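Report on the structure given below.
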Amino acid sequence: SFLIDSGIMVTSQVLFFGFGWLFFMRKLFKDYEVRQYVVQVIFSVTFAFSCTMFELIIFEILGVLNSSSRYFHWKLNLCVILLILVFMVPFYIGYFVVSNIRLLHRQKLLFACVLWLTFMYFFWKLGDPFPILSPKHGILSIEQLISRVGVIGVTLMALLSGFGAVNCPYTYMSYFLRNVTDADILALERRLLQTMDMIVSKKKRIAVAHRTMFQRGEVHNKPTGFWGMIKSVTTSVAGSENLSLIQQEVDALEELSRQLFLETADLHATKERIEYSKTFQGKYFNFLGYFFSIYCVWKIFMATINIVFDRVGKTDPVTRGIEITVNYLGIQFDVKFWSQHISFILVGIIIVTSIRGLLITLTKFFYAISSSKSSNVIVLLLAQIMGMYFVSSVLLIRMSMPLEYRTIITEVLGELQFNFYHRWFDVIFLVSALSSILFLYLAHKQAPEKHMAL
Amino acid sequence: MAALDRVKVLVLGDSGVGKSSLVHLLCHNQVLGNPSWTVGCSVDVRIHDYKEGTPEEKTYYIELWDVGGSVGSATSVKSTRAVFYNLLNGIILVHDLTNKKSSQNLYRWSLEALNRDVAPTGVLVTNGDYDREQFADNQIPLLVIGTKLDQIPETKRHEVLTRTAFLAEDFNAEEINLDCTNPRYLAAGSSNAVKLSRFFDKVIEKRYFLRDGNQVPGFSERKRFGGGTLKSLHYD
């Protein structure tokens, strides 16, 4: 029976691996060529083992598989994930960063090891200011690693949640959409083309000047070095001074053209969103936006209460909900049976939405900042973030499950101070949500003024 | 001297293939020391002698418009980029010889520049698949340039060059393969320099010396919502 269980686990792991592989190929790297298959393998492996952890939680709730084999697989999974997150991925990130820098090409491995050791040092130091461990643990135990990974992951989760909770209603609701007319876009485009024309005419003058000087046999050297500067004081070529002035103007105009381009793209995007908000789907999202803004305000309120009154919820939502229905509404039903199914559904929803949300965010982030040189490094960074995020999700999800299912997580992850993680999550969530509100407010205020100045 | 005639040539390709280095090499005959990200569009000017060495020699300005970005950008970015595609006279398609995807993306790039049909919602309509007939009766001269030739090991060179030959054939265009950090590929008198010269001559011919004497302003004027055409704001 242990063999059967292991067989099931391995098959599911292979399935997740395949899914991660496909996602990598189709979505993340669809405009780039995969030259280093190592990167793809690492990403898929991280994804596979993270998903297996969630799968084990579901199995725990549903009571599938033998309990001892579940425990064994938990331990195994955890060890592998920690190995990947702490040893492999950082090392490869260092390796690819170094191979991008041409100077250090010779001793790639050496510098990669140096980078990895620096990472380990800071990673270890991270544990000092936090009260996350009881002193009876040894140095090389799982708890040491998990606690630190948990801190980083929980910080990330809270940052993303805070920003997401504020940004979601902001993007969904059409109340915040700036009014962009076609005339605005046309005016801006006209300015952009005018700037480009000015750049072109100045560059023509420079090119013509270079050509005539070249034809007349004058070698146009920029005065370099100390003696060159002394020489240029006495023998000033009128043409070259003029040219450097024009070159400065060109540089300024090019900067302006870049800004105008970005603003025009922004206006086009806003206009598309306005169009979209008039469709049926757009109206639906607008309504959702109002709903989410209420939810966001409630969450911020709850986080503040948690911090101020120093309370961490003792019972999970499922049991509490069942209690309420049984005690106050007088509906009698089989608590054990229903709590199992409801927590399965609830936990399942949480897991699926967090995986999906994370993958979408990562993809958007990747498109925005990657280039063909840095794509490997960025994908590995994303794999690291994903792994840490999933590990800390497991930590936090413990709170949403009834007591009898929490035991496995408590057993496997050792004696971490789980309460600390929840407090930390609330603090960072609050900070992130409030600063997102501030940031979005400033950005929103500034844009119409820029717009008016056209 | 400033009253020379001008033609506009677009330089298109994926980000990171070396368009900025190429344009710098073409215009200044020097290697670009510190290539950085191109945001929006950067223009440079090359002075070209049409029909060099013959009695009809005339000097023209060739504006090389290097449009940055990736072919999978958001539609808002594509709509903004489309502003630069007005009144173009020639296209240089640049791809990276070490990256097959960049060669495949050239089809989409050329479609984006040539099919500038803007639907009323502002979304560019491209059907993704290239149509060889579309390129057969295309009036705008194309040139395909492959970069980073020095990074291809000798053993693979033949296979890569055959692939690029097919690519150039699909576009009905000439091809040049070079390394943008080495000016000797475009040294005067080399076959690459001759091809380049021929391409620019063809662009100038199509713009100024059509057989029926009419001036054809590119594929199609970009129509605005409201029906008017965007006025040309180039000062000569």
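How things are named: the first chain in the structure tokens is A, the next is B, and so on; residues count from 1 in each chain; ligands count from 1 in the order shown.
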Q | Interface, chain A side, toward chain B (9 Å; only C-alpha atoms) as number ranges by chain | A | A: 30-33, 35, 182, 186, 189-190, 192-194, 196-201, 203-205, 207-208, 211, 254, 257-262, 264-272, 275, 367, 371-373
Q: Within 12 Å of Thr147 of chain B, counting only C-alpha atoms, which residues show up once you throw out same-chain ones fewer than 5 positions away? Write them as an MDAnalysis selection string, please.
A: chainID B and resid 13:14 16:23 93:100 102:103 152 160:161 164 175:182 185
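Each of A:Glu404, A:Phe301, A:Thr118, A:Thr195 was checked against Glu249 of chain A using only C-alpha atoms; the smallest atom-to-atom distance is that of A:Thr195.
Interatomic distance, atom CA of Ile274 of chain A against atom CA of Lys445 of chain A: 18.4 Å.
For the pair atom CA of Glu56 of chain B and atom CA of Arg207 of chain B, the interatomic distance is 16.2 Å.
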Q | Nearby residues (only C-alpha atoms) at most 10 Å from Gly164 of chain A, same-chain spacing under 5 positions excluded, as number ranges by chain | A | A: 158-159, 169-170, 296, 357, 361, 432-433, 436
Kindly save the residues from that selection, with all heavy atoms included, as a short mmCIF file (atom, residue, chain, number, x, y, z; two decimals), in the first residue's frame.
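After the write, part-v1.cif holds the following:
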data_model
loop_
_atom_site.label_atom_id
_atom_site.label_comp_id
_atom_site.auth_asym_id
_atom_site.auth_seq_id
_atom_site.Cartn_x
_atom_site.Cartn_y
_atom_site.Cartn_z
N ALA A 158 2.18 39.04 1.85
CA ALA A 158 1.46 40.18 2.41
C ALA A 158 1.58 41.39 1.50
O ALA A 158 0.61 42.13 1.29
CB ALA A 158 2.00 40.50 3.80
N LEU A 159 2.78 41.60 0.94
CA LEU A 159 2.96 42.72 0.02
C LEU A 159 2.03 42.59 -1.17
O LEU A 159 1.32 43.53 -1.55
CB LEU A 159 4.41 42.78 -0.47
CG LEU A 159 5.42 43.38 0.49
CD1 LEU A 159 6.81 43.23 -0.08
CD2 LEU A 159 5.13 44.82 0.74
N PRO A 169 -9.87 46.86 -6.94
CA PRO A 169 -10.98 47.76 -7.18
C PRO A 169 -10.59 48.97 -8.02
O PRO A 169 -11.37 49.47 -8.81
CB PRO A 169 -11.45 48.18 -5.78
CG PRO A 169 -10.48 47.67 -4.85
CD PRO A 169 -9.64 46.65 -5.50
N TYR A 170 -9.35 49.44 -7.87
CA TYR A 170 -8.93 50.62 -8.64
C TYR A 170 -8.98 50.35 -10.14
O TYR A 170 -9.38 51.19 -10.93
CB TYR A 170 -7.51 51.02 -8.21
CG TYR A 170 -6.97 52.22 -8.93
CD1 TYR A 170 -7.43 53.50 -8.64
CD2 TYR A 170 -5.99 52.08 -9.89
CE1 TYR A 170 -6.93 54.60 -9.29
CE2 TYR A 170 -5.48 53.19 -10.54
CZ TYR A 170 -5.95 54.44 -10.24
OH TYR A 170 -5.46 55.54 -10.89
N CYS A 296 -11.96 44.99 0.59
CA CYS A 296 -10.63 45.51 0.90
C CYS A 296 -10.66 46.35 2.16
O CYS A 296 -9.81 46.21 3.03
CB CYS A 296 -10.13 46.33 -0.29
SG CYS A 296 -8.72 47.34 0.06
N GLY A 357 -3.54 33.37 -9.36
CA GLY A 357 -3.19 34.78 -9.21
C GLY A 357 -1.69 34.98 -9.30
O GLY A 357 -1.21 35.89 -9.96
N THR A 361 0.31 37.14 -12.14
CA THR A 361 1.15 38.27 -11.75
C THR A 361 2.58 38.08 -12.24
O THR A 361 3.20 39.00 -12.76
CB THR A 361 1.17 38.42 -10.23
OG1 THR A 361 -0.14 38.26 -9.72
CG2 THR A 361 1.74 39.76 -9.82
N SER A 432 1.49 47.51 3.32
CA SER A 432 1.43 47.46 1.87
C SER A 432 0.15 48.09 1.34
O SER A 432 0.18 48.87 0.39
CB SER A 432 1.54 46.00 1.42
OG SER A 432 1.12 45.85 0.11
N ALA A 433 -0.99 47.78 1.99
CA ALA A 433 -2.26 48.32 1.50
C ALA A 433 -2.27 49.85 1.63
O ALA A 433 -2.66 50.56 0.70
CB ALA A 433 -3.42 47.71 2.27
N SER A 436 0.02 51.41 -0.89
CA SER A 436 -0.54 51.33 -2.24
C SER A 436 -1.60 52.39 -2.44
O SER A 436 -1.66 53.02 -3.50
CB SER A 436 -1.18 49.97 -2.49
OG SER A 436 -0.32 48.95 -2.15
#
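Residues in contact with Met388 of chain A at up to 9 Å, not including ones fewer than 6 positions away on its chain and judged by only C-alpha atoms, are Leu85, Val149, Gly150, Ile152, Gly153, Val154 and Leu156 of chain A.
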(Q) Taking only segment 57-295 of chain A into account, list the residues labelled alpha helix (DSSP H) by DSSP (computed from the backbone), as JSON, numbers by chain. (A) {"A": [57, 58, 59, 60, 61, 62, 67, 68, 69, 70, 71, 72, 73, 74, 75, 76, 77, 78, 79, 80, 81, 82, 83, 89, 90, 91, 92, 93, 94, 95, 96, 97, 98, 99, 100, 108, 109, 110, 111, 112, 113, 114, 115, 116, 117, 118, 119, 120, 121, 122, 123, 124, 125, 142, 143, 144, 145, 146, 147, 148, 149, 150, 151, 152, 153, 154, 155, 156, 157, 158, 159, 160, 161, 162, 163, 164, 165, 166, 167, 168, 169, 170, 171, 172, 182, 183, 184, 185, 186, 187, 188, 189, 190, 191, 192, 193, 194, 195, 196, 197, 198, 199, 200, 201, 202, 203, 204, 205, 206, 207, 208, 209, 210, 211, 212, 213, 214, 215, 225, 226, 227, 228, 229, 230, 231, 232, 233, 234, 238, 239, 240, 241, 242, 243, 244, 245, 246, 247, 248, 249, 250, 251, 252, 253, 254, 255, 256, 257, 258, 259, 260, 261, 262, 263, 264, 265, 266, 267, 268, 269, 270, 271, 272, 273, 274, 275, 276, 277, 278, 280, 281, 282, 283, 284, 285, 286, 287, 288, 289, 290, 291, 292, 293, 294, 295]}
